[in-house]
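Asks: Provided herewith: work-v3.json, JSON, N, CA and C atoms.
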```json
[["chain", "number", "residue", "atom", "x", "y", "z"],
["A", 1, "MET", "N", 0.80, -1.18, 0.00],
["A", 1, "MET", "CA", 0.00, 0.00, 0.00],
["A", 1, "MET", "C", 0.86, 1.26, 0.00],
["A", 2, "GLY", "N", 1.91, 1.28, 0.73],
["A", 2, "GLY", "CA", 2.79, 2.43, 0.79],
["A", 2, "GLY", "C", 3.50, 2.67, -0.52],
["A", 3, "SER", "N", 3.83, 1.62, -1.27],
["A", 3, "SER", "CA", 4.54, 1.80, -2.52],
["A", 3, "SER", "C", 3.64, 2.36, -3.60],
["A", 4, "ALA", "N", 2.35, 2.07, -3.61],
["A", 4, "ALA", "CA", 1.41, 2.62, -4.59],
["A", 4, "ALA", "C", 1.27, 4.12, -4.40],
["A", 5, "TRP", "N", 1.23, 4.52, -3.14],
["A", 5, "TRP", "CA", 1.11, 5.96, -2.85],
["A", 5, "TRP", "C", 2.37, 6.69, -3.28],
["A", 6, "ALA", "N", 3.52, 6.10, -3.12],
["A", 6, "ALA", "CA", 4.80, 6.68, -3.51],
["A", 6, "ALA", "C", 4.88, 6.81, -5.03],
["A", 7, "GLN", "N", 4.32, 5.86, -5.77],
["A", 7, "GLN", "CA", 4.32, 5.93, -7.23],
["A", 7, "GLN", "C", 3.45, 7.08, -7.71],
["A", 8, "GLU", "N", 2.29, 7.28, -7.12],
["A", 8, "GLU", "CA", 1.39, 8.35, -7.52],
["A", 8, "GLU", "C", 2.02, 9.72, -7.26],
["A", 9, "ALA", "N", 2.72, 9.84, -6.17],
["A", 9, "ALA", "CA", 3.36, 11.11, -5.84],
["A", 9, "ALA", "C", 4.55, 11.39, -6.75],
["A", 10, "ALA", "N", 5.18, 10.37, -7.27],
["A", 10, "ALA", "CA", 6.37, 10.55, -8.10],
["A", 10, "ALA", "C", 6.02, 10.92, -9.54],
["A", 11, "THR", "N", 4.84, 10.55, -10.04],
["A", 11, "THR", "CA", 4.47, 10.87, -11.42],
["A", 11, "THR", "C", 3.97, 12.30, -11.49],
["A", 12, "PRO", "N", 4.49, 13.10, -12.42],
["A", 12, "PRO", "CA", 4.05, 14.49, -12.52],
["A", 12, "PRO", "C", 2.63, 14.57, -13.07],
["A", 13, "ALA", "N", 1.93, 15.61, -12.67],
["A", 13, "ALA", "CA", 0.57, 15.82, -13.15],
["A", 13, "ALA", "C", 0.62, 16.33, -14.59],
["A", 14, "ALA", "N", -0.36, 15.96, -15.39],
["A", 14, "ALA", "CA", -0.42, 16.41, -16.78],
["A", 14, "ALA", "C", -0.70, 17.91, -16.81],
["A", 15, "PRO", "N", -0.03, 18.65, -17.70],
["A", 15, "PRO", "CA", -0.27, 20.09, -17.75],
["A", 15, "PRO", "C", -1.69, 20.39, -18.23],
["A", 16, "ASP", "N", -2.25, 21.44, -17.70],
["A", 16, "ASP", "CA", -3.61, 21.85, -18.06],
["A", 16, "ASP", "C", -3.53, 22.69, -19.34],
["A", 17, "PRO", "N", -4.14, 22.22, -20.47],
["A", 17, "PRO", "CA", -4.03, 22.96, -21.73],
["A", 17, "PRO", "C", -4.70, 24.33, -21.68],
["A", 18, "VAL", "N", -5.75, 24.46, -20.92],
["A", 18, "VAL", "CA", -6.44, 25.76, -20.82],
["A", 18, "VAL", "C", -5.55, 26.77, -20.12],
["A", 19, "LYS", "N", -4.88, 26.33, -19.07],
["A", 19, "LYS", "CA", -4.00, 27.23, -18.34],
["A", 19, "LYS", "C", -2.82, 27.68, -19.21],
["A", 20, "GLY", "N", -2.29, 26.76, -20.02],
["A", 20, "GLY", "CA", -1.20, 27.12, -20.93],
["A", 20, "GLY", "C", -1.63, 28.12, -21.99],
["A", 21, "LEU", "N", -2.87, 27.96, -22.49],
["A", 21, "LEU", "CA", -3.40, 28.90, -23.48],
["A", 21, "LEU", "C", -3.60, 30.27, -22.87],
["A", 22, "LEU", "N", -4.12, 30.30, -21.66],
["A", 22, "LEU", "CA", -4.35, 31.59, -21.01],
["A", 22, "LEU", "C", -3.04, 32.31, -20.69],
["A", 23, "LEU", "N", -2.00, 31.56, -20.44],
["A", 23, "LEU", "CA", -0.70, 32.19, -20.17],
["A", 23, "LEU", "C", -0.09, 32.76, -21.45],
["A", 24, "ASN", "N", -0.34, 32.12, -22.60],
["A", 24, "ASN", "CA", 0.24, 32.57, -23.86],
["A", 24, "ASN", "C", -0.64, 33.58, -24.60],
["A", 25, "LEU", "N", -1.88, 33.70, -24.23],
["A", 25, "LEU", "CA", -2.80, 34.60, -24.92],
["A", 25, "LEU", "C", -2.32, 36.06, -24.92],
["A", 26, "PRO", "N", -1.86, 36.63, -23.83],
["A", 26, "PRO", "CA", -1.37, 38.02, -23.88],
["A", 26, "PRO", "C", -0.20, 38.22, -24.84],
["A", 27, "ILE", "N", 0.63, 37.21, -24.99],
["A", 27, "ILE", "CA", 1.75, 37.30, -25.92],
["A", 27, "ILE", "C", 1.24, 37.40, -27.36],
["A", 28, "PHE", "N", 0.27, 36.55, -27.70],
["A", 28, "PHE", "CA", -0.30, 36.56, -29.06],
["A", 28, "PHE", "C", -1.03, 37.87, -29.33],
["A", 29, "VAL", "N", -1.77, 38.36, -28.36],
["A", 29, "VAL", "CA", -2.48, 39.64, -28.52],
["A", 29, "VAL", "C", -1.47, 40.76, -28.71],
["A", 30, "GLY", "N", -0.42, 40.76, -27.93],
["A", 30, "GLY", "CA", 0.62, 41.79, -28.05],
["A", 30, "GLY", "C", 1.30, 41.76, -29.41],
["A", 31, "LEU", "N", 1.61, 40.58, -29.91],
["A", 31, "LEU", "CA", 2.23, 40.46, -31.23],
["A", 31, "LEU", "C", 1.29, 40.93, -32.33],
["A", 32, "PHE", "N", 0.00, 40.58, -32.20],
["A", 32, "PHE", "CA", -0.97, 41.05, -33.20],
["A", 32, "PHE", "C", -1.07, 42.57, -33.20],
["A", 33, "LEU", "N", -1.15, 43.18, -32.01],
["A", 33, "LEU", "CA", -1.23, 44.64, -31.94],
["A", 33, "LEU", "C", 0.03, 45.30, -32.50],
["A", 34, "LEU", "N", 1.17, 44.74, -32.20],
["A", 34, "LEU", "CA", 2.43, 45.27, -32.74],
["A", 34, "LEU", "C", 2.44, 45.19, -34.26],
["A", 35, "PHE", "N", 2.01, 44.07, -34.80],
["A", 35, "PHE", "CA", 1.96, 43.90, -36.25],
["A", 35, "PHE", "C", 0.95, 44.86, -36.86],
["A", 36, "TYR", "N", -0.22, 45.00, -36.23],
["A", 36, "TYR", "CA", -1.27, 45.86, -36.77],
["A", 36, "TYR", "C", -0.82, 47.32, -36.81],
["A", 37, "PHE", "N", -0.33, 47.83, -35.69],
["A", 37, "PHE", "CA", 0.05, 49.24, -35.64],
["A", 37, "PHE", "C", 1.40, 49.51, -36.28],
["A", 38, "GLY", "N", 2.22, 48.49, -36.44],
["A", 38, "GLY", "CA", 3.53, 48.68, -37.05],
["A", 38, "GLY", "C", 3.56, 48.48, -38.55],
["A", 39, "VAL", "N", 2.62, 47.67, -39.08],
["A", 39, "VAL", "CA", 2.65, 47.34, -40.50],
["A", 39, "VAL", "C", 1.35, 47.68, -41.21],
["A", 40, "ILE", "N", 0.25, 47.17, -40.72],
["A", 40, "ILE", "CA", -1.02, 47.30, -41.43],
["A", 40, "ILE", "C", -1.53, 48.73, -41.44],
["A", 41, "GLN", "N", -1.56, 49.38, -40.30],
["A", 41, "GLN", "CA", -2.09, 50.74, -40.21],
["A", 41, "GLN", "C", -1.30, 51.74, -41.07],
["A", 42, "PRO", "N", 0.03, 51.77, -41.01],
["A", 42, "PRO", "CA", 0.76, 52.71, -41.89],
["A", 42, "PRO", "C", 0.56, 52.41, -43.37],
["A", 43, "GLN", "N", 0.41, 51.15, -43.72],
["A", 43, "GLN", "CA", 0.20, 50.79, -45.12],
["A", 43, "GLN", "C", -1.17, 51.27, -45.59],
["A", 44, "LYS", "N", -2.18, 51.18, -44.74],
["A", 44, "LYS", "CA", -3.51, 51.68, -45.10],
["A", 44, "LYS", "C", -3.48, 53.20, -45.30],
["A", 45, "LYS", "N", -2.78, 53.90, -44.42],
["A", 45, "LYS", "CA", -2.68, 55.36, -44.54],
["A", 45, "LYS", "C", -1.98, 55.76, -45.83],
["A", 46, "GLN", "N", -0.91, 55.05, -46.18],
["A", 46, "GLN", "CA", -0.17, 55.35, -47.40],
["A", 46, "GLN", "C", -1.03, 55.08, -48.63],
["A", 47, "ALA", "N", -1.79, 53.99, -48.63],
["A", 47, "ALA", "CA", -2.66, 53.67, -49.76],
["A", 47, "ALA", "C", -3.76, 54.72, -49.92],
["A", 48, "ALA", "N", -4.32, 55.19, -48.82],
["A", 48, "ALA", "CA", -5.35, 56.22, -48.89],
["A", 48, "ALA", "C", -4.77, 57.54, -49.40],
["A", 49, "LYS", "N", -3.58, 57.87, -48.96],
["A", 49, "LYS", "CA", -2.91, 59.09, -49.41],
["A", 49, "LYS", "C", -2.61, 59.02, -50.92],
["A", 50, "GLN", "N", -2.17, 57.86, -51.40],
["A", 50, "GLN", "CA", -1.87, 57.68, -52.82],
["A", 50, "GLN", "C", -3.15, 57.76, -53.66],
["A", 51, "ALA", "N", -4.22, 57.14, -53.18],
["A", 51, "ALA", "CA", -5.49, 57.19, -53.91],
["A", 51, "ALA", "C", -6.03, 58.62, -53.99],
["A", 52, "GLU", "N", -5.88, 59.38, -52.92],
["A", 52, "GLU", "CA", -6.31, 60.78, -52.93],
["A", 52, "GLU", "C", -5.49, 61.60, -53.92],
["A", 53, "PHE", "N", -4.18, 61.37, -53.94],
["A", 53, "PHE", "CA", -3.31, 62.07, -54.89],
["A", 53, "PHE", "C", -3.73, 61.78, -56.32],
["A", 54, "GLN", "N", -3.96, 60.51, -56.63],
["A", 54, "GLN", "CA", -4.31, 60.11, -57.99],
["A", 54, "GLN", "C", -5.67, 60.66, -58.41],
["A", 55, "SER", "N", -6.58, 60.83, -57.46],
["A", 55, "SER", "CA", -7.89, 61.37, -57.82],
["A", 55, "SER", "C", -7.85, 62.88, -58.05],
["A", 56, "LYS", "N", -6.84, 63.56, -57.53],
["A", 56, "LYS", "CA", -6.75, 65.02, -57.65],
["A", 56, "LYS", "C", -5.81, 65.47, -58.77],
["A", 57, "LEU", "N", -5.40, 64.57, -59.65],
["A", 57, "LEU", "CA", -4.53, 64.96, -60.76],
["A", 57, "LEU", "C", -5.27, 65.90, -61.72],
["A", 58, "ASN", "N", -4.56, 66.88, -62.25],
["A", 58, "ASN", "CA", -5.13, 67.84, -63.20],
["A", 58, "ASN", "C", -4.25, 67.94, -64.44],
["A", 59, "ARG", "N", -4.81, 68.51, -65.47],
["A", 59, "ARG", "CA", -4.01, 68.75, -66.68],
["A", 59, "ARG", "C", -2.92, 69.75, -66.36],
["A", 60, "GLY", "N", -1.76, 69.50, -66.94],
["A", 60, "GLY", "CA", -0.62, 70.39, -66.72],
["A", 60, "GLY", "C", 0.28, 69.96, -65.58],
["A", 61, "ASP", "N", -0.14, 69.02, -64.76],
["A", 61, "ASP", "CA", 0.71, 68.53, -63.66],
["A", 61, "ASP", "C", 1.87, 67.73, -64.23],
["A", 62, "GLU", "N", 3.06, 67.97, -63.71],
["A", 62, "GLU", "CA", 4.22, 67.16, -64.07],
["A", 62, "GLU", "C", 4.31, 66.03, -63.07],
["A", 63, "VAL", "N", 4.30, 64.79, -63.59],
["A", 63, "VAL", "CA", 4.26, 63.62, -62.71],
["A", 63, "VAL", "C", 5.34, 62.62, -63.09],
["A", 64, "VAL", "N", 5.55, 61.69, -62.16],
["A", 64, "VAL", "CA", 6.47, 60.58, -62.36],
["A", 64, "VAL", "C", 5.66, 59.30, -62.20],
["A", 65, "THR", "N", 5.82, 58.36, -63.13],
["A", 65, "THR", "CA", 5.13, 57.08, -63.02],
["A", 65, "THR", "C", 5.96, 56.13, -62.15],
["A", 66, "LEU", "N", 5.37, 55.01, -61.79],
["A", 66, "LEU", "CA", 6.08, 54.01, -61.00],
["A", 66, "LEU", "C", 7.28, 53.44, -61.74],
["A", 67, "SER", "N", 7.25, 53.47, -63.07],
["A", 67, "SER", "CA", 8.38, 52.96, -63.84],
["A", 67, "SER", "C", 9.44, 54.03, -64.10],
["A", 68, "GLY", "N", 9.21, 55.25, -63.60],
["A", 68, "GLY", "CA", 10.22, 56.30, -63.72],
["A", 68, "GLY", "C", 10.04, 57.23, -64.90],
["A", 69, "ILE", "N", 8.94, 57.12, -65.62],
["A", 69, "ILE", "CA", 8.70, 58.01, -66.76],
["A", 69, "ILE", "C", 8.19, 59.34, -66.26],
["A", 70, "ILE", "N", 8.80, 60.42, -66.75],
["A", 70, "ILE", "CA", 8.41, 61.78, -66.35],
["A", 70, "ILE", "C", 7.62, 62.39, -67.50],
["A", 71, "GLY", "N", 6.51, 63.00, -67.17],
["A", 71, "GLY", "CA", 5.70, 63.61, -68.20],
["A", 71, "GLY", "C", 4.72, 64.61, -67.64],
["A", 72, "THR", "N", 4.06, 65.32, -68.55],
["A", 72, "THR", "CA", 3.04, 66.31, -68.20],
["A", 72, "THR", "C", 1.68, 65.75, -68.57],
["A", 73, "VAL", "N", 0.74, 65.86, -67.64],
["A", 73, "VAL", "CA", -0.60, 65.34, -67.88],
["A", 73, "VAL", "C", -1.29, 66.20, -68.93],
["A", 74, "ARG", "N", -1.75, 65.56, -70.02],
["A", 74, "ARG", "CA", -2.45, 66.26, -71.10],
["A", 74, "ARG", "C", -3.90, 65.84, -71.20],
["A", 75, "GLY", "N", -4.23, 64.66, -70.73],
["A", 75, "GLY", "CA", -5.60, 64.19, -70.79],
["A", 75, "GLY", "C", -5.90, 63.25, -69.64],
["A", 76, "LEU", "N", -7.16, 63.27, -69.19],
["A", 76, "LEU", "CA", -7.56, 62.45, -68.04],
["A", 76, "LEU", "C", -8.87, 61.74, -68.31],
["A", 77, "THR", "N", -8.95, 60.50, -67.93],
["A", 77, "THR", "CA", -10.22, 59.78, -67.84],
["A", 77, "THR", "C", -10.24, 59.12, -66.46],
["A", 78, "ASP", "N", -11.25, 58.32, -66.21],
["A", 78, "ASP", "CA", -11.33, 57.68, -64.89],
["A", 78, "ASP", "C", -10.16, 56.75, -64.61],
["A", 79, "LYS", "N", -9.69, 56.05, -65.63],
["A", 79, "LYS", "CA", -8.64, 55.05, -65.41],
["A", 79, "LYS", "C", -7.35, 55.32, -66.18],
["A", 80, "VAL", "N", -7.38, 56.17, -67.20],
["A", 80, "VAL", "CA", -6.22, 56.37, -68.06],
["A", 80, "VAL", "C", -5.83, 57.84, -68.08],
["A", 81, "ILE", "N", -4.53, 58.07, -68.11],
["A", 81, "ILE", "CA", -3.98, 59.43, -68.19],
["A", 81, "ILE", "C", -3.09, 59.49, -69.43],
["A", 82, "THR", "N", -3.21, 60.58, -70.17],
["A", 82, "THR", "CA", -2.33, 60.80, -71.32],
["A", 82, "THR", "C", -1.21, 61.71, -70.86],
["A", 83, "LEU", "N", 0.02, 61.22, -71.00],
["A", 83, "LEU", "CA", 1.20, 61.99, -70.61],
["A", 83, "LEU", "C", 1.95, 62.43, -71.86],
["A", 84, "GLU", "N", 2.38, 63.69, -71.83],
["A", 84, "GLU", "CA", 3.28, 64.18, -72.87],
["A", 84, "GLU", "C", 4.69, 64.03, -72.30],
["A", 85, "ILE", "N", 5.47, 63.12, -72.91],
["A", 85, "ILE", "CA", 6.80, 62.84, -72.38],
["A", 85, "ILE", "C", 7.88, 63.65, -73.08],
["A", 86, "SER", "N", 7.60, 64.15, -74.25],
["A", 86, "SER", "CA", 8.46, 65.10, -74.96],
["A", 86, "SER", "C", 7.54, 65.84, -75.93],
["A", 87, "PRO", "N", 7.98, 67.00, -76.46],
["A", 87, "PRO", "CA", 7.09, 67.76, -77.35],
["A", 87, "PRO", "C", 6.61, 66.89, -78.52],
["A", 88, "GLY", "N", 5.30, 66.75, -78.61],
["A", 88, "GLY", "CA", 4.69, 65.98, -79.68],
["A", 88, "GLY", "C", 4.61, 64.48, -79.44],
["A", 89, "THR", "N", 5.14, 64.00, -78.32],
["A", 89, "THR", "CA", 5.10, 62.57, -78.02],
["A", 89, "THR", "C", 4.25, 62.34, -76.78],
["A", 90, "GLU", "N", 3.16, 61.61, -76.99],
["A", 90, "GLU", "CA", 2.27, 61.33, -75.87],
["A", 90, "GLU", "C", 2.14, 59.83, -75.68],
["A", 91, "MET", "N", 1.86, 59.44, -74.46],
["A", 91, "MET", "CA", 1.62, 58.03, -74.16],
["A", 91, "MET", "C", 0.51, 57.94, -73.12],
["A", 92, "LYS", "N", -0.19, 56.83, -73.13],
["A", 92, "LYS", "CA", -1.26, 56.62, -72.17],
["A", 92, "LYS", "C", -0.77, 55.66, -71.10],
["A", 93, "VAL", "N", -1.06, 55.99, -69.84],
["A", 93, "VAL", "CA", -0.71, 55.14, -68.71],
["A", 93, "VAL", "C", -1.94, 55.04, -67.80],
["A", 94, "LEU", "N", -1.97, 53.98, -67.04],
["A", 94, "LEU", "CA", -3.04, 53.84, -66.07],
["A", 94, "LEU", "C", -2.87, 54.87, -64.95],
["A", 95, "ARG", "N", -3.97, 55.41, -64.51],
["A", 95, "ARG", "CA", -3.93, 56.40, -63.43],
["A", 95, "ARG", "C", -3.28, 55.82, -62.17],
["A", 96, "SER", "N", -3.48, 54.53, -61.94],
["A", 96, "SER", "CA", -2.92, 53.89, -60.76],
["A", 96, "SER", "C", -1.40, 53.78, -60.80],
["A", 97, "GLN", "N", -0.79, 53.99, -61.98],
["A", 97, "GLN", "CA", 0.66, 53.87, -62.12],
["A", 97, "GLN", "C", 1.40, 55.20, -61.92],
["A", 98, "VAL", "N", 0.66, 56.27, -61.67],
["A", 98, "VAL", "CA", 1.29, 57.55, -61.41],
["A", 98, "VAL", "C", 1.72, 57.57, -59.95],
["A", 99, "ALA", "N", 2.99, 57.80, -59.70],
["A", 99, "ALA", "CA", 3.53, 57.70, -58.34],
["A", 99, "ALA", "C", 3.46, 59.02, -57.58],
["A", 100, "ALA", "N", 3.88, 60.13, -58.21],
["A", 100, "ALA", "CA", 3.95, 61.39, -57.48],
["A", 100, "ALA", "C", 4.12, 62.54, -58.43],
["A", 101, "HIS", "N", 3.95, 63.76, -57.89],
["A", 101, "HIS", "CA", 4.28, 64.96, -58.66],
["A", 101, "HIS", "C", 5.80, 65.02, -58.79],
["A", 102, "LEU", "N", 6.25, 65.56, -59.88],
["A", 102, "LEU", "CA", 7.69, 65.65, -60.11],
["A", 102, "LEU", "C", 8.37, 66.50, -59.04],
["A", 103, "LYS", "N", 7.73, 67.58, -58.62],
["A", 103, "LYS", "CA", 8.34, 68.46, -57.60],
["A", 103, "LYS", "C", 8.55, 67.72, -56.29],
["A", 104, "GLU", "N", 7.63, 66.79, -55.94],
["A", 104, "GLU", "CA", 7.78, 66.04, -54.71],
["A", 104, "GLU", "C", 8.92, 65.03, -54.79],
["A", 105, "GLN", "N", 9.19, 64.50, -55.98],
["A", 105, "GLN", "CA", 10.24, 63.52, -56.16],
["A", 105, "GLN", "C", 11.62, 64.14, -56.15],
["A", 106, "VAL", "N", 11.76, 65.36, -56.67],
["A", 106, "VAL", "CA", 13.06, 66.00, -56.80],
["A", 106, "VAL", "C", 13.47, 66.66, -55.56]]
```
Output the file's structure in the form of structure tokens.
Replies:
Amino acid sequence: MGSAWAQEAATPAAPDPVKGLLLNLPIFVGLFLLFYFGVIQPQKKQAAKQAEFQSKLNRGDEVVTLSGIIGTVRGLTDKVITLEISPGTEMKVLRSQVAAHLKEQV
């Protein structure tokens, strides 16, 4: 009888999975908040700022495209912009591909 009791006392108790989850939950919440405010939120702000810039383009603006082409806006539609890249040479690009005003880039 004494040896059975000694065996039960010597075997460790199984860890409680709920208790382990509750101990790790603040770490996961903290990592999510860090990721959200460090990556997702600034990216959303930048995308909104870029969309606002692209919607406010006007004729005569000097712009730079994402591929590095510099030109003056000569025509606008909802999705396409006509750029004059040299006197008498025009090309059409998607409005979403315009990166910034030339003055902001230089």
Asks: Could you put an axis-aligned box around every listed atom of stretch 85-95 of chain A, padded by 6 Å on each side, and send me its centre and edge lengths in Å to one decimal, as AutoDock Vina command-line options?
Replies:
```
--center_x 2.2 --center_y 60.8 --center_z -70.9 --size_x 24.4 --size_y 25.9 --size_z 29.5
```
Asks: Going by DSSP on the backbone, which bits of chain A are strand (DSSP E)? Write them as number ranges by chain, please.
Replies: A: 62-65, 70-76, 80-86, 89-94, 98-101
Asks: Tell me, as JSON, numbers by chain, which residues lie within 8 Å of A:Leu57, counting only N, CA and C atoms; anything in the same chain fewer than 5 positions away does not count.
Replies: {"A": [52, 73, 76]}
Asks: Between atom CA of A:Gly20 and atom CA of A:Phe32, what is the distance in Å, rounded to a tenth?
Replies: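 Answer for the atom CA of A:Gly20 to atom CA of A:Phe32 separation: 18.6 Å.
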Asks: Out of A:Leu66, A:Ile27, A:Leu94, A:Ala51, which residue has the shortest atom-to-atom distance to A:Lys79 when counting all atoms listed in the file?
Replies: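 Of all the options, A:Leu94 lies closest to A:Lys79.
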Asks: If you count all atoms listed in the file, which residues fall within 6 Å of stretch 59-61 of chain A, apart from same-chain ones fewer than 5 positions away, as a short mmCIF file (atom, residue, chain, number, x, y, z; two decimals) with N, CA and C atoms, keeping the file's coordinate frame?
Replies:
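This went into selection_34.cif:
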```cif
data_model
loop_
_atom_site.label_atom_id
_atom_site.label_comp_id
_atom_site.auth_asym_id
_atom_site.auth_seq_id
_atom_site.Cartn_x
_atom_site.Cartn_y
_atom_site.Cartn_z
N GLY A 71 6.51 63.00 -67.17
CA GLY A 71 5.70 63.61 -68.20
C GLY A 71 4.72 64.61 -67.64
N THR A 72 4.06 65.32 -68.55
CA THR A 72 3.04 66.31 -68.20
C THR A 72 1.68 65.75 -68.57
N VAL A 73 0.74 65.86 -67.64
CA VAL A 73 -0.60 65.34 -67.88
C VAL A 73 -1.29 66.20 -68.93
N ARG A 74 -1.75 65.56 -70.02
CA ARG A 74 -2.45 66.26 -71.10
C ARG A 74 -3.90 65.84 -71.20
N GLY A 75 -4.23 64.66 -70.73
CA GLY A 75 -5.60 64.19 -70.79
C GLY A 75 -5.90 63.25 -69.64
#
```
